[in-house]
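Everything below concerns the one structure shown next.
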Amino acid sequence: MSLRISVGQAVALRGWVRALAVTLAGALAMAVVAALGLWAAGATDVPDGAYPKVVAATVVTAVGGSVELSGSAGELAGVEGGLTVIPLSVTLVGALVFAAGFLWPLRHRAVAGTGELLGWAARIALLWLLALIGLALAARHTFTISLGESAISDIGELFGIEPKVGFTTDVPVTLVFGLLWLAGVLVLALLVSRGAPLPGRLLRFQQSVRPAAYAMVVLLLAYVVLGIVIGLVVAVTRGHAAETLAVILLGVPNLTWLALTIGLGATWDGHVEGPFGLPMPNVLDRVMRSADVSTVNLGTLSEHDGRVWWLVVVDAVLLIAAAFVMAARSPARVRAWQHALHMAIALALTVLMICLVCRIDAAFGLSVLGIGDLGGELSGELFLHPRLWGALGLALLWGLVTGFLGALLARRVHRHGEVPDDV
């Protein structure tokens, strides 16, 4: 009996050690990417040694956590602001590391019990929860900002006003969304990996769900790789290497996945006002810096740069390639119209995810004695929101067409099962 207990304890301890290694690897990878991206963006110059805390805040926002801007400037002044933006490069790196670590002990297995999978995931989730608490508590800081050389500065000195700006995290919200993010990553990892074991009751779903999930992940990663290549070419040929590196390390999926939806014909509403904004292509910045809310789509962007229409071509090529991959990984008995339906649903869900994670809301303002805007030097606004239903409708249409074409192209590829006589 004692031998059995000791063996069981050793197995449990090994499971916790593996879970700790996965959690530390994922958190460290995200922190390193965030730190390098912020360094390239010049964030090491933030006052009062706040750089490590900004890194922690970046990791928190990367998993859906909430970072709130706050400020104070005494009774005669007011500071307000808000920020909602996800650094998807950091998110993607963390997701890949967590997914790989989660799947590693499950390799070379045909079937796994539900209890075993839940136990393995629960260990990682508990340790990730502790890591999130530490990150959320570390991601808070307050520092003083300068009013510059202006009449407002003179008024501030006269009344002894020192505007202070800070950021804090909503710990409960961060924990909830951080755990939901981890759960989504682990579930998606099981769906995408052909070699990952599933509980016996779920095996009947793997032939219809796994090929589509795998194709969508390949599609998203292809856009990220394409964006990195373009960014590196731009850095070499046009300079601005540090700024380009910052975009790659912090937000290349934000731009490339946005381009994916625009290439489908989707429309976003956006506006940029003031001195700040997110790194973005010049054509997008010009469209969004209008007097009113701007419409961002192929039509408005092409008015400034006709090369935007190449997004349609890129979308068509990569979507057909993704549909081909999906069909090639599916059993031969699945007909072309079924592939089209699977592709449409998968692409619609993917576009829904993009619309949720790529939206941006950022605003900051300071007023002294009721005088706001400060000549545009210390205030600004940035937002970018999708027209969701139109984007989903276009995704369904593109998915049906490209799914059918991909199935036709994959008919001569050897697959499991008997080849049907008709389409």
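Scheme for the structure tokens: letters A, B, ... for chains in order shown; per-chain residue numbers from 1; ligand numbers from 1 in order shown.
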>> Just want the 8 Å neighbourhood of Asn254 of chain A, counted on only C-alpha atoms, with same-chain residues fewer than 3 positions away dropped. Output as number ranges by chain.
In response: A: 87-89, 251, 257-258, 358
> Out of segment 261-416 of chain A, which residues get helix (DSSP H, G or I) from DSSP, as JSON, numbers by chain?
Replying inline: {"A": [261, 262, 263, 264, 282, 283, 284, 285, 286, 287, 288, 298, 299, 300, 301, 302, 306, 307, 308, 309, 310, 311, 312, 313, 314, 315, 316, 317, 318, 319, 320, 321, 322, 323, 324, 325, 326, 327, 328, 336, 337, 338, 339, 340, 341, 342, 343, 344, 345, 346, 347, 348, 349, 350, 351, 352, 353, 354, 355, 356, 357, 374, 375, 376, 388, 389, 390, 391, 392, 393, 394, 395, 396, 397, 398, 399, 400, 401, 402, 403, 404, 405, 406, 407, 408, 409]}
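Here atom CA of Leu24 of chain A and atom CA of Gly101 of chain A stand 10.4 Å from one another.
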> Please, what distance in Å, to one decimal, runs between atom CA of Gly113 of chain A and atom CA of Leu198 of chain A?
Replying inline: 7.4 Å
Which residues come within 10 Å of segment 172-189 of chain A, counting only C-alpha atoms, excluding same-chain residues fewer than 3 positions away, as a short mmCIF file (atom, residue, chain, number, x, y, z; two decimals) with all heavy atoms, in the first residue's frame?
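Below you can see selection-v2.cif, which holds the result:
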data_model
loop_
_atom_site.label_atom_id
_atom_site.label_comp_id
_atom_site.auth_asym_id
_atom_site.auth_seq_id
_atom_site.Cartn_x
_atom_site.Cartn_y
_atom_site.Cartn_z
N VAL A 60 -0.65 41.76 -19.02
CA VAL A 60 -2.03 41.67 -18.52
C VAL A 60 -3.02 41.96 -19.64
O VAL A 60 -4.01 41.24 -19.83
CB VAL A 60 -2.23 42.64 -17.34
CG1 VAL A 60 -3.72 42.81 -17.03
CG2 VAL A 60 -1.50 42.12 -16.10
N THR A 61 -2.79 43.03 -20.39
CA THR A 61 -3.71 43.36 -21.49
C THR A 61 -3.65 42.32 -22.60
O THR A 61 -4.63 42.12 -23.32
CB THR A 61 -3.38 44.74 -22.07
OG1 THR A 61 -2.01 44.77 -22.53
CG2 THR A 61 -3.57 45.83 -21.03
N ALA A 62 -2.51 41.64 -22.75
CA ALA A 62 -2.37 40.64 -23.81
C ALA A 62 -3.29 39.45 -23.61
O ALA A 62 -3.63 38.76 -24.57
CB ALA A 62 -0.92 40.17 -23.91
N VAL A 63 -3.71 39.19 -22.39
CA VAL A 63 -4.61 38.06 -22.12
C VAL A 63 -6.02 38.53 -21.81
O VAL A 63 -6.82 37.78 -21.24
CB VAL A 63 -4.06 37.19 -20.97
CG1 VAL A 63 -2.73 36.59 -21.35
CG2 VAL A 63 -3.94 37.99 -19.68
N GLY A 64 -6.32 39.77 -22.17
CA GLY A 64 -7.67 40.28 -21.99
C GLY A 64 -7.90 40.98 -20.68
O GLY A 64 -9.04 41.35 -20.37
N GLY A 65 -6.86 41.18 -19.88
CA GLY A 65 -7.00 41.87 -18.62
C GLY A 65 -7.30 43.34 -18.80
O GLY A 65 -7.13 43.90 -19.88
N SER A 66 -7.74 43.97 -17.74
CA SER A 66 -8.15 45.36 -17.80
C SER A 66 -7.11 46.25 -17.12
O SER A 66 -6.75 46.01 -15.96
CB SER A 66 -9.51 45.54 -17.10
OG SER A 66 -9.87 46.90 -17.02
N VAL A 67 -6.62 47.24 -17.85
CA VAL A 67 -5.71 48.25 -17.31
C VAL A 67 -6.41 49.59 -17.40
O VAL A 67 -6.81 50.02 -18.49
CB VAL A 67 -4.37 48.29 -18.07
CG1 VAL A 67 -3.51 49.43 -17.58
CG2 VAL A 67 -3.64 46.97 -17.91
N THR A 91 0.19 38.22 -27.13
CA THR A 91 -0.86 37.21 -26.95
C THR A 91 -0.54 35.95 -27.73
O THR A 91 -0.66 34.82 -27.22
CB THR A 91 -2.21 37.77 -27.42
OG1 THR A 91 -2.48 39.00 -26.74
CG2 THR A 91 -3.33 36.79 -27.14
N LEU A 92 -0.14 36.12 -28.98
CA LEU A 92 0.12 34.97 -29.85
C LEU A 92 1.29 34.15 -29.35
O LEU A 92 1.23 32.91 -29.33
CB LEU A 92 0.37 35.46 -31.27
CG LEU A 92 0.64 34.39 -32.33
CD1 LEU A 92 -0.53 33.43 -32.45
CD2 LEU A 92 0.95 35.03 -33.69
N GLY A 94 2.40 33.88 -26.28
CA GLY A 94 1.96 33.16 -25.09
C GLY A 94 1.08 31.98 -25.43
O GLY A 94 1.22 30.89 -24.85
N ALA A 95 0.17 32.17 -26.38
CA ALA A 95 -0.73 31.08 -26.78
C ALA A 95 0.06 29.91 -27.37
O ALA A 95 -0.23 28.74 -27.06
CB ALA A 95 -1.75 31.60 -27.78
N LEU A 96 1.03 30.19 -28.20
CA LEU A 96 1.81 29.12 -28.82
C LEU A 96 2.62 28.34 -27.78
O LEU A 96 2.70 27.11 -27.83
CB LEU A 96 2.74 29.70 -29.88
CG LEU A 96 2.07 30.29 -31.13
CD1 LEU A 96 3.10 30.94 -32.05
CD2 LEU A 96 1.29 29.21 -31.88
N VAL A 97 3.21 29.05 -26.83
CA VAL A 97 4.01 28.38 -25.80
C VAL A 97 3.12 27.54 -24.88
O VAL A 97 3.44 26.38 -24.58
CB VAL A 97 4.81 29.41 -24.99
CG1 VAL A 97 5.53 28.73 -23.82
CG2 VAL A 97 5.83 30.12 -25.88
N PHE A 98 2.00 28.10 -24.44
CA PHE A 98 1.09 27.35 -23.58
C PHE A 98 0.53 26.13 -24.31
O PHE A 98 0.41 25.04 -23.72
CB PHE A 98 -0.04 28.24 -23.09
CG PHE A 98 0.25 28.95 -21.80
CD1 PHE A 98 0.54 30.30 -21.78
CD2 PHE A 98 0.23 28.27 -20.60
CE1 PHE A 98 0.81 30.96 -20.60
CE2 PHE A 98 0.51 28.91 -19.40
CZ PHE A 98 0.80 30.26 -19.40
N ALA A 99 0.16 26.30 -25.57
CA ALA A 99 -0.40 25.18 -26.33
C ALA A 99 0.63 24.07 -26.50
O ALA A 99 0.32 22.88 -26.31
CB ALA A 99 -0.88 25.67 -27.69
N ALA A 100 1.86 24.44 -26.85
CA ALA A 100 2.91 23.42 -27.02
C ALA A 100 3.19 22.70 -25.72
O ALA A 100 3.35 21.47 -25.68
CB ALA A 100 4.17 24.07 -27.58
N GLY A 101 3.26 23.45 -24.63
CA GLY A 101 3.52 22.83 -23.33
C GLY A 101 2.39 21.93 -22.88
O GLY A 101 2.62 20.88 -22.27
N PHE A 102 1.17 22.33 -23.17
CA PHE A 102 0.00 21.52 -22.79
C PHE A 102 -0.05 20.21 -23.56
O PHE A 102 -0.39 19.16 -23.02
CB PHE A 102 -1.27 22.33 -23.02
CG PHE A 102 -2.55 21.58 -22.76
CD1 PHE A 102 -2.90 21.22 -21.47
CD2 PHE A 102 -3.38 21.22 -23.80
CE1 PHE A 102 -4.08 20.51 -21.23
CE2 PHE A 102 -4.56 20.52 -23.57
CZ PHE A 102 -4.90 20.16 -22.28
N LEU A 103 0.31 20.26 -24.84
CA LEU A 103 0.21 19.07 -25.69
C LEU A 103 1.39 18.13 -25.52
O LEU A 103 1.28 16.94 -25.85
CB LEU A 103 0.10 19.49 -27.16
CG LEU A 103 -1.17 20.24 -27.56
CD1 LEU A 103 -1.07 20.68 -29.02
CD2 LEU A 103 -2.40 19.37 -27.35
N ALA A 121 -5.12 20.22 -17.26
CA ALA A 121 -5.45 21.62 -17.52
C ALA A 121 -5.64 22.40 -16.22
O ALA A 121 -5.26 23.58 -16.12
CB ALA A 121 -6.71 21.71 -18.38
N ALA A 122 -6.23 21.76 -15.20
CA ALA A 122 -6.47 22.44 -13.93
C ALA A 122 -5.17 22.83 -13.24
O ALA A 122 -5.07 23.90 -12.62
CB ALA A 122 -7.32 21.56 -13.02
N ILE A 124 -2.31 23.60 -14.70
CA ILE A 124 -1.79 24.78 -15.40
C ILE A 124 -2.61 26.01 -15.06
O ILE A 124 -2.07 27.10 -14.83
CB ILE A 124 -1.78 24.53 -16.92
CG1 ILE A 124 -0.86 23.35 -17.27
CG2 ILE A 124 -1.34 25.78 -17.68
CD1 ILE A 124 -0.88 22.97 -18.74
N ALA A 125 -3.94 25.85 -15.00
CA ALA A 125 -4.81 26.99 -14.73
C ALA A 125 -4.57 27.55 -13.34
O ALA A 125 -4.56 28.79 -13.15
CB ALA A 125 -6.27 26.57 -14.88
N LEU A 126 -4.37 26.70 -12.36
CA LEU A 126 -4.14 27.19 -11.00
C LEU A 126 -2.83 27.97 -10.91
O LEU A 126 -2.78 29.06 -10.31
CB LEU A 126 -4.12 26.00 -10.03
CG LEU A 126 -3.86 26.36 -8.56
CD1 LEU A 126 -4.92 27.32 -8.05
CD2 LEU A 126 -3.82 25.10 -7.69
N TRP A 128 -1.29 29.41 -13.41
CA TRP A 128 -1.47 30.61 -14.22
C TRP A 128 -2.26 31.66 -13.46
O TRP A 128 -1.98 32.86 -13.57
CB TRP A 128 -2.15 30.25 -15.53
CG TRP A 128 -2.50 31.40 -16.41
CD1 TRP A 128 -3.73 31.73 -16.88
CD2 TRP A 128 -1.60 32.38 -16.97
NE1 TRP A 128 -3.67 32.84 -17.68
CE2 TRP A 128 -2.37 33.27 -17.76
CE3 TRP A 128 -0.24 32.60 -16.85
CZ2 TRP A 128 -1.81 34.35 -18.43
CZ3 TRP A 128 0.32 33.68 -17.53
CH2 TRP A 128 -0.46 34.53 -18.30
N LEU A 129 -3.22 31.23 -12.64
CA LEU A 129 -3.98 32.16 -11.82
C LEU A 129 -3.06 32.88 -10.84
O LEU A 129 -3.17 34.10 -10.64
CB LEU A 129 -5.07 31.40 -11.07
CG LEU A 129 -5.98 32.23 -10.15
CD1 LEU A 129 -6.80 33.22 -10.96
CD2 LEU A 129 -6.88 31.33 -9.33
N LEU A 130 -2.15 32.15 -10.22
CA LEU A 130 -1.20 32.78 -9.31
C LEU A 130 -0.29 33.77 -10.05
O LEU A 130 0.02 34.85 -9.54
CB LEU A 130 -0.35 31.70 -8.62
CG LEU A 130 -1.13 30.72 -7.73
CD1 LEU A 130 -0.18 29.66 -7.16
CD2 LEU A 130 -1.83 31.46 -6.60
N ALA A 131 0.14 33.39 -11.26
CA ALA A 131 0.97 34.30 -12.06
C ALA A 131 0.20 35.56 -12.43
O ALA A 131 0.76 36.67 -12.40
CB ALA A 131 1.46 33.58 -13.32
N LEU A 132 -1.08 35.41 -12.76
CA LEU A 132 -1.89 36.57 -13.11
C LEU A 132 -2.05 37.52 -11.92
O LEU A 132 -2.03 38.74 -12.08
CB LEU A 132 -3.28 36.11 -13.58
CG LEU A 132 -3.39 35.58 -15.00
CD1 LEU A 132 -4.80 35.09 -15.26
CD2 LEU A 132 -3.01 36.66 -16.02
N ILE A 133 -2.22 36.96 -10.74
CA ILE A 133 -2.34 37.81 -9.55
C ILE A 133 -1.07 38.64 -9.37
O ILE A 133 -1.12 39.85 -9.11
CB ILE A 133 -2.62 36.95 -8.30
CG1 ILE A 133 -4.00 36.30 -8.41
CG2 ILE A 133 -2.53 37.79 -7.04
CD1 ILE A 133 -4.30 35.33 -7.29
N LEU A 135 1.14 39.48 -11.69
CA LEU A 135 1.26 40.47 -12.76
C LEU A 135 0.29 41.63 -12.54
O LEU A 135 0.64 42.80 -12.74
CB LEU A 135 0.97 39.81 -14.11
CG LEU A 135 2.04 38.85 -14.64
CD1 LEU A 135 1.50 38.05 -15.81
CD2 LEU A 135 3.29 39.63 -15.04
N ALA A 136 -0.94 41.32 -12.14
CA ALA A 136 -1.94 42.37 -11.95
C ALA A 136 -1.55 43.31 -10.81
O ALA A 136 -1.77 44.53 -10.89
CB ALA A 136 -3.31 41.75 -11.67
N THR A 169 -4.68 48.01 -12.50
CA THR A 169 -5.37 46.88 -13.10
C THR A 169 -6.59 46.53 -12.25
O THR A 169 -6.57 46.63 -11.03
CB THR A 169 -4.46 45.65 -13.17
OG1 THR A 169 -3.95 45.37 -11.87
CG2 THR A 169 -3.31 45.88 -14.13
N VAL A 192 -6.79 21.61 -32.76
CA VAL A 192 -5.90 21.79 -33.92
C VAL A 192 -4.97 20.61 -34.10
O VAL A 192 -4.71 20.17 -35.24
CB VAL A 192 -5.09 23.10 -33.75
CG1 VAL A 192 -3.98 23.17 -34.79
CG2 VAL A 192 -6.01 24.29 -33.86
N SER A 193 -4.44 20.06 -33.02
CA SER A 193 -3.44 19.02 -33.12
C SER A 193 -4.06 17.68 -33.50
O SER A 193 -4.93 17.17 -32.79
CB SER A 193 -2.70 18.88 -31.79
OG SER A 193 -1.78 17.82 -31.83
N ARG A 194 -3.61 17.13 -34.61
CA ARG A 194 -4.12 15.83 -35.06
C ARG A 194 -3.67 14.72 -34.14
O ARG A 194 -4.36 13.71 -33.95
CB ARG A 194 -3.63 15.55 -36.49
CG ARG A 194 -4.05 14.20 -37.02
CD ARG A 194 -3.49 13.95 -38.41
NE ARG A 194 -4.12 14.76 -39.43
CZ ARG A 194 -3.79 14.72 -40.73
NH1 ARG A 194 -2.82 13.93 -41.13
NH2 ARG A 194 -4.41 15.49 -41.61
N ALA A 196 -3.11 14.97 -30.83
CA ALA A 196 -3.53 15.10 -29.44
C ALA A 196 -4.69 14.16 -29.15
O ALA A 196 -5.63 14.08 -29.94
CB ALA A 196 -3.93 16.55 -29.14
N ARG A 210 -11.59 19.28 -36.38
CA ARG A 210 -10.14 19.48 -36.36
C ARG A 210 -9.58 20.02 -37.68
O ARG A 210 -8.75 20.94 -37.66
CB ARG A 210 -9.44 18.17 -35.99
CG ARG A 210 -9.32 18.00 -34.49
CD ARG A 210 -8.52 16.79 -34.10
NE ARG A 210 -8.12 16.87 -32.71
CZ ARG A 210 -7.55 15.88 -32.04
NH1 ARG A 210 -7.33 14.71 -32.64
NH2 ARG A 210 -7.21 16.03 -30.77
N ALA A 213 -10.44 23.80 -37.80
CA ALA A 213 -9.70 24.56 -36.80
C ALA A 213 -8.23 24.70 -37.19
O ALA A 213 -7.63 25.79 -37.07
CB ALA A 213 -9.82 23.89 -35.43
N TYR A 214 -7.65 23.61 -37.68
CA TYR A 214 -6.26 23.65 -38.11
C TYR A 214 -6.08 24.63 -39.26
O TYR A 214 -5.12 25.43 -39.29
CB TYR A 214 -5.82 22.25 -38.54
CG TYR A 214 -4.39 22.17 -39.03
CD1 TYR A 214 -3.33 22.07 -38.14
CD2 TYR A 214 -4.11 22.22 -40.39
CE1 TYR A 214 -2.02 22.00 -38.59
CE2 TYR A 214 -2.80 22.15 -40.86
CZ TYR A 214 -1.77 22.04 -39.95
OH TYR A 214 -0.47 21.98 -40.41
N VAL A 217 -6.10 28.27 -38.00
CA VAL A 217 -4.86 28.63 -37.30
C VAL A 217 -3.74 28.85 -38.31
O VAL A 217 -2.96 29.81 -38.20
CB VAL A 217 -4.49 27.54 -36.28
CG1 VAL A 217 -3.09 27.79 -35.71
CG2 VAL A 217 -5.51 27.51 -35.14
#
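In this structure, atom CA of Arg204 of chain A sits 18.6 Å away from atom CA of Gly115 of chain A.
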